[in-house]
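As stored in work15.cif (mmCIF, C-alpha atoms):
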data_entry
loop_
_atom_site.label_atom_id
_atom_site.label_comp_id
_atom_site.auth_asym_id
_atom_site.auth_seq_id
_atom_site.Cartn_x
_atom_site.Cartn_y
_atom_site.Cartn_z
CA PHE A 1 40.48 65.38 104.58
CA GLY A 2 40.35 62.56 107.09
CA SER A 3 40.25 59.65 104.69
CA LYS A 4 41.69 56.33 105.82
CA GLU A 5 41.58 54.68 102.38
CA VAL A 6 42.11 55.87 98.85
CA ALA A 7 41.07 54.04 95.70
CA VAL A 8 42.29 54.80 92.21
CA ILE A 9 39.94 54.03 89.31
CA ASP A 10 39.90 54.94 85.65
CA ASP A 11 37.97 57.90 84.29
CA GLY A 12 35.31 55.77 82.60
CA LEU A 13 34.35 53.92 85.76
CA ALA A 14 34.44 57.14 87.78
CA SER A 15 32.17 58.83 85.25
CA PHE A 16 29.80 55.87 85.29
CA ALA A 17 29.58 55.77 89.09
CA GLY A 18 29.24 59.53 89.44
CA SER A 19 26.80 60.27 86.64
CA LEU A 20 24.45 57.29 86.66
CA ALA A 21 24.29 56.54 90.39
CA GLY A 22 23.20 52.96 89.83
CA LYS A 23 20.58 53.67 87.14
CA PRO A 24 20.65 51.54 83.97
CA GLY A 25 22.70 53.35 81.38
CA VAL A 26 25.90 54.22 79.62
CA ALA A 27 28.50 56.79 80.60
CA LEU A 28 30.57 57.91 77.61
CA THR A 29 33.87 59.50 78.58
CA LEU A 30 35.27 61.53 75.72
CA GLY A 31 38.71 63.10 76.04
CA GLY A 32 42.03 62.28 74.42
CA GLY A 33 40.68 58.72 74.35
CA VAL A 34 37.24 57.14 74.58
CA VAL A 35 35.51 54.63 76.80
CA ALA A 36 31.85 53.77 77.33
CA VAL A 37 30.96 52.04 80.60
CA SER A 38 27.47 50.59 80.96
CA GLY A 39 25.50 49.02 83.73
CA ASN A 40 22.12 47.36 84.14
CA GLY A 41 21.37 45.79 87.49
CA ASN A 42 24.41 43.70 88.44
CA ALA A 43 25.78 43.60 84.89
CA LEU A 44 28.63 45.93 83.93
CA SER A 45 30.49 46.29 80.66
CA HIS A 46 32.63 48.64 78.66
CA SER A 47 33.39 49.32 75.02
CA ASP A 48 36.51 50.78 73.44
CA GLY A 49 39.05 52.31 75.79
CA LEU A 50 41.61 50.39 73.73
CA GLY A 51 44.14 53.20 73.34
CA SER A 52 45.07 55.42 70.44
CA ILE A 53 46.71 52.77 68.26
CA PHE A 54 43.88 50.22 68.18
CA GLY A 55 40.83 52.10 69.42
CA ASP A 56 39.53 55.28 71.02
CA GLU A 57 37.72 56.01 67.78
CA GLY A 58 36.17 59.47 67.81
CA GLY A 59 38.28 60.71 70.74
CA GLY A 60 40.71 63.61 70.85
CA PHE A 61 43.73 61.76 69.50
CA TRP A 62 41.65 60.18 66.75
CA LEU A 63 40.11 63.52 65.64
CA GLY A 64 43.28 65.58 65.97
CA SER A 65 45.58 63.12 64.25
CA ARG A 66 43.24 62.92 61.27
CA GLY A 67 42.94 66.70 61.05
CA LEU A 68 46.69 67.26 61.23
CA THR A 69 47.29 64.40 58.78
CA ARG A 70 45.03 66.13 56.26
CA ALA A 71 46.80 69.45 56.85
CA LEU A 72 50.16 67.76 56.25
CA ALA A 73 48.79 66.18 53.08
CA ALA A 74 47.57 69.58 51.89
CA ARG A 75 50.99 71.10 52.56
CA ASP A 76 52.58 68.23 50.65
CA GLY A 77 50.20 68.63 47.70
CA ARG A 78 48.58 65.22 48.25
CA THR A 79 45.13 66.73 48.81
CA ASN A 80 43.42 69.94 47.82
CA ALA A 81 42.48 71.56 51.12
CA PRO A 82 44.54 74.76 51.35
CA GLU A 83 42.29 76.15 54.10
CA LEU A 84 43.80 73.57 56.46
CA LEU A 85 47.19 75.25 56.15
CA ASN A 86 45.80 78.37 57.82
CA ILE A 87 43.72 76.53 60.41
CA PHE A 88 46.64 74.33 61.51
CA ALA A 89 49.51 76.80 60.87
CA ASP A 90 50.79 76.73 64.47
CA GLU A 91 50.40 72.96 64.74
CA LEU A 92 52.29 72.41 61.48
CA ASN A 93 55.18 74.48 62.88
CA THR A 94 55.08 72.45 66.09
CA PHE A 95 55.03 69.22 64.07
CA ASP A 96 58.11 70.35 62.14
CA SER A 97 59.98 71.00 65.39
CA LEU A 98 59.27 67.56 66.93
CA SER A 99 62.36 65.46 67.38
CA SER A 100 60.20 62.32 67.16
CA LYS A 101 57.06 62.22 65.05
CA ASN A 102 55.93 59.07 66.93
CA GLY A 103 56.58 59.97 70.57
CA THR A 104 54.54 61.38 73.40
CA GLU A 105 54.96 64.95 72.15
CA ALA A 106 53.40 63.91 68.83
CA THR A 107 50.52 62.27 70.69
CA SER A 108 49.95 65.44 72.71
CA LEU A 109 50.05 67.52 69.54
CA ALA A 110 47.40 65.33 67.93
CA ILE A 111 45.12 65.63 70.96
CA SER A 112 45.55 69.41 71.01
CA CYS A 113 44.39 69.56 67.36
CA ALA A 114 41.01 67.98 68.16
CA LYS A 115 39.37 71.25 69.21
CA LYS A 116 40.33 72.91 65.92
CA VAL A 117 38.95 69.95 63.97
CA LEU A 118 35.63 70.33 65.80
CA GLU A 119 35.51 74.10 65.32
CA ALA A 120 36.79 74.45 61.73
CA ASN A 121 33.42 73.73 60.05
CA ILE A 122 34.84 73.04 56.59
CA ASP A 123 34.24 70.00 54.38
CA SER A 124 37.48 68.18 55.16
CA THR A 125 37.10 68.49 58.95
CA ASN A 126 33.33 67.99 58.91
CA GLN A 127 33.92 64.57 57.33
CA ILE A 128 36.25 63.64 60.18
CA VAL A 129 33.76 64.89 62.78
CA ALA A 130 30.87 62.97 61.19
CA GLN A 131 32.89 59.76 61.12
CA GLY A 132 33.98 60.26 64.74
CA ALA A 133 30.36 60.75 65.86
CA THR A 134 29.40 57.54 64.07
CA HIS A 135 32.16 55.62 65.86
CA LEU A 136 31.09 57.03 69.22
CA ALA A 137 27.45 56.11 68.66
CA ASP A 138 28.55 52.57 67.81
CA THR A 139 30.62 52.50 71.02
CA VAL A 140 27.66 53.60 73.18
CA VAL A 141 25.28 51.10 71.60
CA SER A 142 27.87 48.32 71.86
CA ALA A 143 28.34 49.00 75.57
CA TRP A 144 24.59 48.96 76.18
CA LYS A 145 23.92 45.79 74.18
CA LYS A 146 26.34 43.92 76.45
CA VAL A 147 24.06 44.55 79.44
CA GLY A 148 20.62 45.28 77.95
CA SER A 149 18.39 45.18 74.91
CA ILE A 150 18.55 47.79 72.14
CA ASN A 151 14.79 48.28 72.68
CA GLU A 152 15.17 48.85 76.41
CA PRO A 153 15.41 52.49 77.53
CA PHE A 154 18.67 53.53 79.17
CA LYS A 155 20.16 56.75 80.45
CA LEU A 156 23.11 58.20 78.55
CA THR A 157 25.64 60.61 80.01
CA ILE A 158 28.61 62.11 78.24
CA SER A 159 31.59 63.78 79.84
CA GLY A 160 35.03 65.01 78.93
CA GLY A 161 36.46 68.00 77.15
CA LEU A 162 35.16 67.17 73.67
CA SER A 163 31.62 66.77 75.00
CA LYS A 164 31.46 70.56 75.36
CA ASN A 165 31.19 70.92 71.58
CA ASP A 166 27.44 71.15 70.90
CA ASN A 167 27.70 70.04 67.27
CA TYR A 168 29.75 66.94 68.09
CA ARG A 169 27.52 65.98 70.99
CA ASN A 170 24.37 66.39 68.88
CA LEU A 171 25.85 64.34 66.02
CA ILE A 172 26.65 61.55 68.49
CA PHE A 173 23.08 61.64 69.85
CA SER A 174 21.58 61.63 66.33
CA ASN A 175 23.68 58.63 65.35
CA ILE A 176 22.65 56.74 68.50
CA GLU A 177 18.99 57.39 67.69
CA SER A 178 19.49 56.26 64.08
CA LEU A 179 20.81 52.94 65.42
CA GLY A 180 17.46 52.39 67.12
CA ALA A 181 18.72 52.75 70.69
CA LYS A 182 16.27 54.09 73.25
CA ALA A 183 18.78 56.34 74.98
CA GLU A 184 17.47 58.97 77.36
CA ILE A 185 20.02 61.70 76.95
CA ASP A 186 21.00 63.48 80.15
CA ARG A 187 22.10 66.86 78.79
CA LYS A 188 22.85 68.12 82.30
CA SER A 189 25.60 65.55 82.70
CA VAL A 190 27.82 67.12 80.04
CA VAL A 191 30.96 68.24 81.84
#
Can the structure in the file be given as structure tokens, please?
Amino acid sequence: FGSKEVAVIDDGLASFAGSLAGKPGVALTLGGGVVAVSGNGNALSHSDGLGSIFGDEGGGFWLGSRGLTRALAARDGRTNAPELLNIFADELNTFDSLSSKNGTEATSLAISCAKKVLEANIDSTNQIVAQGATHLADTVVSAWKKVGSINEPFKLTISGGLSKNDNYRNLIFSNIESLGAKAEIDRKSVV
């Protein structure tokens, strides 16, 4: 395409640059992991993006691993949620076939479970979803407070596969508002 230079940047920074175009705000990228990148004038910051072991709270791995963990606990008789056995039947079979329960295939399995956690709409998964939305609201507000005041209006964009779930997105927005942030939600930016 005629380019003489190519730059490689992470998804959070790309989302920030593409969705906010220099306006004060926060770009939340929500996929297998999570990162919020914020900017206000010349100040830039980010929150989370720490990986699945120590962060990325509310992202795909986080949601899916908790959902599958509860399904495994139900199968084992450690919790009373038999409906999870039907919802995650295929994933439980895949889990059983993994040669390593801690490797990259297990990570991919957890991420693939996130969509079912968001769509199940039962008590045990709704608790996970609510907690994830709370974590994500905290991440957005944390990113903004590093470059601006909680009382200062800022634009918020959200992108990534999990952002397509209306319920999850709306829970995140509600939690941000309950924290007192003056986020102007750009609903068109959901990708």
Tell me which protein, DNA and RNA residues are within 12 Å of A:Ala89, counting all atoms listed in the file, leaving out same-chain ones fewer than 3 positions away, and put them as a list in words. Leu68, Ala71, Leu72, Ala74, Arg75, Pro82, Glu83, Leu84, Leu85, Asn86, Leu92, Asn93, Thr94, Phe95, Asp96, Cys113 and Lys116 of chain A
Which residues match the PyMOL selection byres ((chain A and resi 121) around 12) in the file above, as a ChimeraX atom specification? /A:67,83-84,87,115-120,122-130,167-168
Any idea what's packed within 7 Å of stretch 175-185 of chain A, counting only C-alpha atoms, ignoring anything in its chain fewer than 3 positions away? Could you give it as a PyMOL selection string? chain A and resi 134+137+141+150-157+171-172
If you keep C-alpha atoms, can you produce a file of those selected residues as a short mmCIF file (atom, residue, chain, number, x, y, z; two decimals), in the coordinates of the input?
data_model
loop_
_atom_site.label_atom_id
_atom_site.label_comp_id
_atom_site.auth_asym_id
_atom_site.auth_seq_id
_atom_site.Cartn_x
_atom_site.Cartn_y
_atom_site.Cartn_z
CA THR A 134 29.40 57.54 64.07
CA ALA A 137 27.45 56.11 68.66
CA VAL A 141 25.28 51.10 71.60
CA ILE A 150 18.55 47.79 72.14
CA ASN A 151 14.79 48.28 72.68
CA GLU A 152 15.17 48.85 76.41
CA PRO A 153 15.41 52.49 77.53
CA PHE A 154 18.67 53.53 79.17
CA LYS A 155 20.16 56.75 80.45
CA LEU A 156 23.11 58.20 78.55
CA THR A 157 25.64 60.61 80.01
CA LEU A 171 25.85 64.34 66.02
CA ILE A 172 26.65 61.55 68.49
#
List as a ChimeraX atom specification the residues having at least one atom at most 12 Å from position (25.3, 42.7, 82.3) as given in the file, counting all atoms listed in the file. /A:24-26,37-46,143-149
Name the closest residue to A:Ser108 among the candidates A:Gly64, A:Gly55, A:Val6, A:Ala14; distances are taken between atoms, counting all atoms listed in the file. A:Gly64
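The interatomic distance for the pair atom CA of A:Val140 and atom CA of A:Ala36 works out to 5.9 Å.
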Residues at most 6 Å from A:Leu136, counting only C-alpha atoms, excluding those fewer than 3 positions away in the same chain, as a compact mmCIF listing (two decimals) with C-alpha atoms, in the frame of the given file?
# COMPACT_ATOMS: atom_id res chain seq x y z
CA GLY A 58 36.17 59.47 67.81
CA ALA A 133 30.36 60.75 65.86
CA THR A 139 30.62 52.50 71.02
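Restricting the calculation to only C-alpha atoms, the smallest distance between A:Val35 and any of A:Arg169, A:Arg66, A:Ala73, A:Leu50 is found for A:Leu50.
When only C-alpha atoms are used to compute distances to A:Trp62, the closest of the residues A:His135, A:Thr79, A:Gly12, A:Leu28 turns out to be A:His135.
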How many Å lie between atom CA of A:Ser112 and atom CA of A:Phe54, rounded to one decimal? 19.5 Å
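If all atoms listed in the file are the atoms counted, then among A:Gly33, A:Ile53, A:Ala110, A:Asn165 the closest residue to A:Thr69 is A:Ala110.
Closest approach to A:Phe61 among A:Thr29, A:Thr107, A:Ser99, A:Ser47: A:Thr107, based on all atoms listed in the file.
Take the candidates A:Ser142, A:Asp76, A:Ser65, A:Glu91 and check each one against A:Ser52 using all atoms listed in the file; the shortest distance goes to A:Ser65.
Put simply, atom CA of A:Gly160 is 20.1 Å away from atom CA of A:Lys23.
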